Amino acid sequence: MDNSTALCAWNRDRVLKLLDILLNRYTIDLSEFVVGHISTIEKPSYFEILVAIILSQNTSDRNAIKAFKNLKNSLGLITPEKIIKLPDDYLASLIKVAGLTYRRVRILKALATKVLETPDIFSKIENAEPEHARTLLLSLPGVGSKTADVFLLMVLNKPTFPIDTHIDRVTRRLGLASPEDDYEDIRVKMMNLLENDVNKLRYMHLLLIVHGRNVCKARNPSCSQCVLVDMCCRRL
Ligand code: SF4
């Protein structure tokens with residue numbers, strides 16, 4: 001194996017070393033993440049958490065947290081019944097800060113309707129095997145792969161690996177993901193490399209986001225200040 005091939009080849013030991021380096025480099029502030037932030041609220045319901053994750057789609061966690069707080073301040077406990085009863089324009093005004101406003105209004109109303117139609121959906125998800133729980137989540141309106149995986153890993157402690165825009169970019173630059181890999185390829189690859197260890201998957205998920213936000217930015221990554229430069233495929 002020549003040097004360039006070795007730099008882009010990943011196995012379990014190398015991934016564990018990567019995780020170790022990131023753990024030593026960063027302190028995770030959970031309040032900067034939607035799920036971490038709303039977990040500071042006294043026992044948020046599964047519906048509330050799912051609403052918050054949906055608010056974070058295609059926007060920053062900061063804006064999603066603001067939108068969620070607006071909803072919470074207006075409704076108190078956020079329930080499907082209350083969401084359905086809210087006039088569209090009023091709901092839109094509460095979540096506007098997250099953007100894609102009326103699309104999100106439609107999604108939240110559809111989600112609330114579905115949850116009311118299947119009141120045991122969250123207990124089914126909670127008690128199901130991880131991949132079946134994922135299938136159940138994906139059947140809900142507004143829930144795509146990333147939303148389902150964040151809910152499973154960060155809320156239900158089930159093994160999976162959510163990939164956001166930062167993780168997608170960083171894993172490709174590191175050579176952990178190849179150019180042709182799609183979301184599912186990267187998810188399965190990371191789960192295999194970390195042997196479905198929920199704790200490691202969670203830390204890796206959070207730390208790659210922090211690294212992408214602060215150092216391996218979309219434009220002009222700070223490679224000269226990067227602790228991963230010696231193991232990064234992009235520096236070739
Ligand atoms: S060396 Fe550069 S491209 Fe590679 S992970 Fe670090 S910042 Fe990103």
# chains A, B, ... in the order shown; residues from 1 in each chain; ligands from 1
>>> residues_around(residues="Asn24 in chain A", least_positions_apart="6", cutoff="12 Å", atoms="only C-alpha atoms", output="short mmCIF file (atom, residue, chain, number, x, y, z; two decimals) with N, CA, C and O atoms, in the first residue's frame")
data_model
loop_
_atom_site.label_atom_id
_atom_site.label_comp_id
_atom_site.auth_asym_id
_atom_site.auth_seq_id
_atom_site.Cartn_x
_atom_site.Cartn_y
_atom_site.Cartn_z
N LYS A 17 -8.58 6.21 16.95
CA LYS A 17 -7.55 7.24 17.16
C LYS A 17 -8.11 8.62 16.81
O LYS A 17 -7.91 9.60 17.53
N LEU A 18 -8.86 8.67 15.72
CA LEU A 18 -9.52 9.92 15.32
C LEU A 18 -10.44 10.43 16.44
O LEU A 18 -10.40 11.61 16.82
N TYR A 203 -20.48 10.40 20.45
CA TYR A 203 -19.36 11.34 20.52
C TYR A 203 -18.83 11.67 19.12
O TYR A 203 -18.52 12.82 18.83
N LEU A 207 -18.70 15.40 17.77
CA LEU A 207 -17.36 15.98 17.58
C LEU A 207 -17.08 16.31 16.12
O LEU A 207 -16.43 17.32 15.83
N VAL A 227 -6.04 19.43 13.99
CA VAL A 227 -5.39 18.32 14.71
C VAL A 227 -5.45 17.02 13.91
O VAL A 227 -4.83 16.03 14.29
N LEU A 228 -6.21 17.03 12.83
CA LEU A 228 -6.36 15.80 12.04
C LEU A 228 -5.52 15.81 10.77
O LEU A 228 -5.61 14.90 9.95
#
>>> residues_around(residues="Ser123 in chain A", least_positions_apart="3", cutoff="12 Å", atoms="only C-alpha atoms", output="list in words")
Ser45, Tyr46, Phe47, Val115, Thr118, Pro119, Asp120, Glu126, Asn127, Ala128, Ala133, Leu136, Leu137 and Leu156 of chain A
>>> residues_near_ligand(ligand="ligand 1", cutoff="10 Å", atoms="only C-alpha atoms and all ligand atoms", output="ChimeraX atom specification")
/A:169-175,208,211-212,214-218,220-236
>>> atom_distance(atom1="CA of Asp182 in chain A", atom2="CA of Leu100 in chain A")
24.7 Å
>>> select_by_dssp(residues="range 5-130 of chain A", states="alpha helix (DSSP H)", output="PyMOL selection string")
chain A and resi 5-8+12-25+34-38+46-55+61-75+80-85+88-95+101-117+121-127+130
>>> closest_residue(among="A:Leu201, A:Ile21, A:Ile163, A:Ala67", to="Arg104 in chain A", atoms="only C-alpha atoms")
A:Ala67
>>> closest_residue(among="A:Lys96, A:Lys69, A:Lys158, A:Arg25", to="Asn196 in chain A", atoms="only C-alpha atoms")
A:Lys158
>>> atom_distance(atom1="CA of Leu86 in chain A", atom2="CA of Met154 in chain A")
28.8 Å
>>> residues_around(residues="Val15 in chain A", least_positions_apart="5", cutoff="9 Å", atoms="only C-alpha atoms", output="VMD selection string")
chain A and resid 10 20 176 190 193 to 194
>>> write_last_selection(atoms="N, CA, C and O atoms", output="compact mmCIF listing (two decimals), in the first residue's frame")
# COMPACT_ATOMS: atom_id res chain seq x y z
N TRP A 10 -9.28 3.50 6.06
CA TRP A 10 -9.70 3.58 7.46
C TRP A 10 -10.07 2.21 7.99
O TRP A 10 -10.75 1.44 7.32
N ASP A 20 -10.31 9.73 19.58
CA ASP A 20 -9.49 10.13 20.72
C ASP A 20 -8.92 11.54 20.53
O ASP A 20 -8.95 12.37 21.45
N LEU A 176 -12.79 9.12 4.97
CA LEU A 176 -13.64 8.13 5.64
C LEU A 176 -14.79 7.72 4.73
O LEU A 176 -15.23 6.59 4.73
N MET A 190 -19.80 3.97 9.28
CA MET A 190 -19.45 4.46 10.62
C MET A 190 -19.95 3.50 11.71
O MET A 190 -19.27 3.28 12.72
N LEU A 193 -17.51 0.59 11.67
CA LEU A 193 -16.20 0.94 12.21
C LEU A 193 -16.25 1.12 13.73
O LEU A 193 -15.29 0.82 14.43
N LEU A 194 -17.36 1.64 14.22
CA LEU A 194 -17.48 1.86 15.67
C LEU A 194 -18.28 0.73 16.35
O LEU A 194 -18.70 0.85 17.51
>>> atom_distance(atom1="CA of Gln57 in chain A", atom2="CA of Pro44 in chain A")
19.0 Å
>>> residues_around(residues="Asn70 in chain A", least_positions_apart="4", cutoff="8 Å", atoms="only C-alpha atoms", output="PDB file with all heavy atoms, in the first residue's frame")
ATOM      1  N   LYS A  66     -34.479  28.904  18.777  1.00  0.00           N
ATOM      2  CA  LYS A  66     -35.333  30.096  18.945  1.00  0.00           C
ATOM      3  C   LYS A  66     -36.778  29.771  18.559  1.00  0.00           C
ATOM      4  O   LYS A  66     -37.722  30.139  19.264  1.00  0.00           O
ATOM      5  CB  LYS A  66     -34.824  31.227  18.036  1.00  0.00           C
ATOM      6  CG  LYS A  66     -33.636  31.982  18.584  1.00  0.00           C
ATOM      7  CD  LYS A  66     -33.290  33.124  17.649  1.00  0.00           C
ATOM      8  CE  LYS A  66     -31.915  33.688  18.003  1.00  0.00           C
ATOM      9  NZ  LYS A  66     -31.337  34.492  16.929  1.00  0.00           N
ATOM     10  N   SER A  74     -45.467  29.935  23.829  1.00  0.00           N
ATOM     11  CA  SER A  74     -46.862  30.161  23.465  1.00  0.00           C
ATOM     12  C   SER A  74     -47.774  29.028  23.926  1.00  0.00           C
ATOM     13  O   SER A  74     -48.896  29.268  24.368  1.00  0.00           O
ATOM     14  CB  SER A  74     -46.958  30.319  21.943  1.00  0.00           C
ATOM     15  OG  SER A  74     -48.302  30.405  21.566  1.00  0.00           O
ATOM     16  N   LEU A  94     -44.730  31.898  14.796  1.00  0.00           N
ATOM     17  CA  LEU A  94     -43.914  31.388  15.910  1.00  0.00           C
ATOM     18  C   LEU A  94     -42.618  30.726  15.426  1.00  0.00           C
ATOM     19  O   LEU A  94     -41.586  30.816  16.080  1.00  0.00           O
ATOM     20  CB  LEU A  94     -44.717  30.374  16.745  1.00  0.00           C
ATOM     21  CG  LEU A  94     -45.937  30.913  17.492  1.00  0.00           C
ATOM     22  CD1 LEU A  94     -46.701  29.765  18.143  1.00  0.00           C
ATOM     23  CD2 LEU A  94     -45.515  31.922  18.555  1.00  0.00           C
ATOM     24  N   ILE A  95     -42.698  30.073  14.260  1.00  0.00           N
ATOM     25  CA  ILE A  95     -41.519  29.288  13.819  1.00  0.00           C
ATOM     26  C   ILE A  95     -40.764  29.955  12.672  1.00  0.00           C
ATOM     27  O   ILE A  95     -39.816  29.384  12.136  1.00  0.00           O
ATOM     28  CB  ILE A  95     -41.932  27.856  13.403  1.00  0.00           C
ATOM     29  CG1 ILE A  95     -42.889  27.895  12.201  1.00  0.00           C
ATOM     30  CG2 ILE A  95     -42.558  27.107  14.561  1.00  0.00           C
ATOM     31  CD1 ILE A  95     -43.157  26.523  11.620  1.00  0.00           C
TER      32      ILE A  95
END
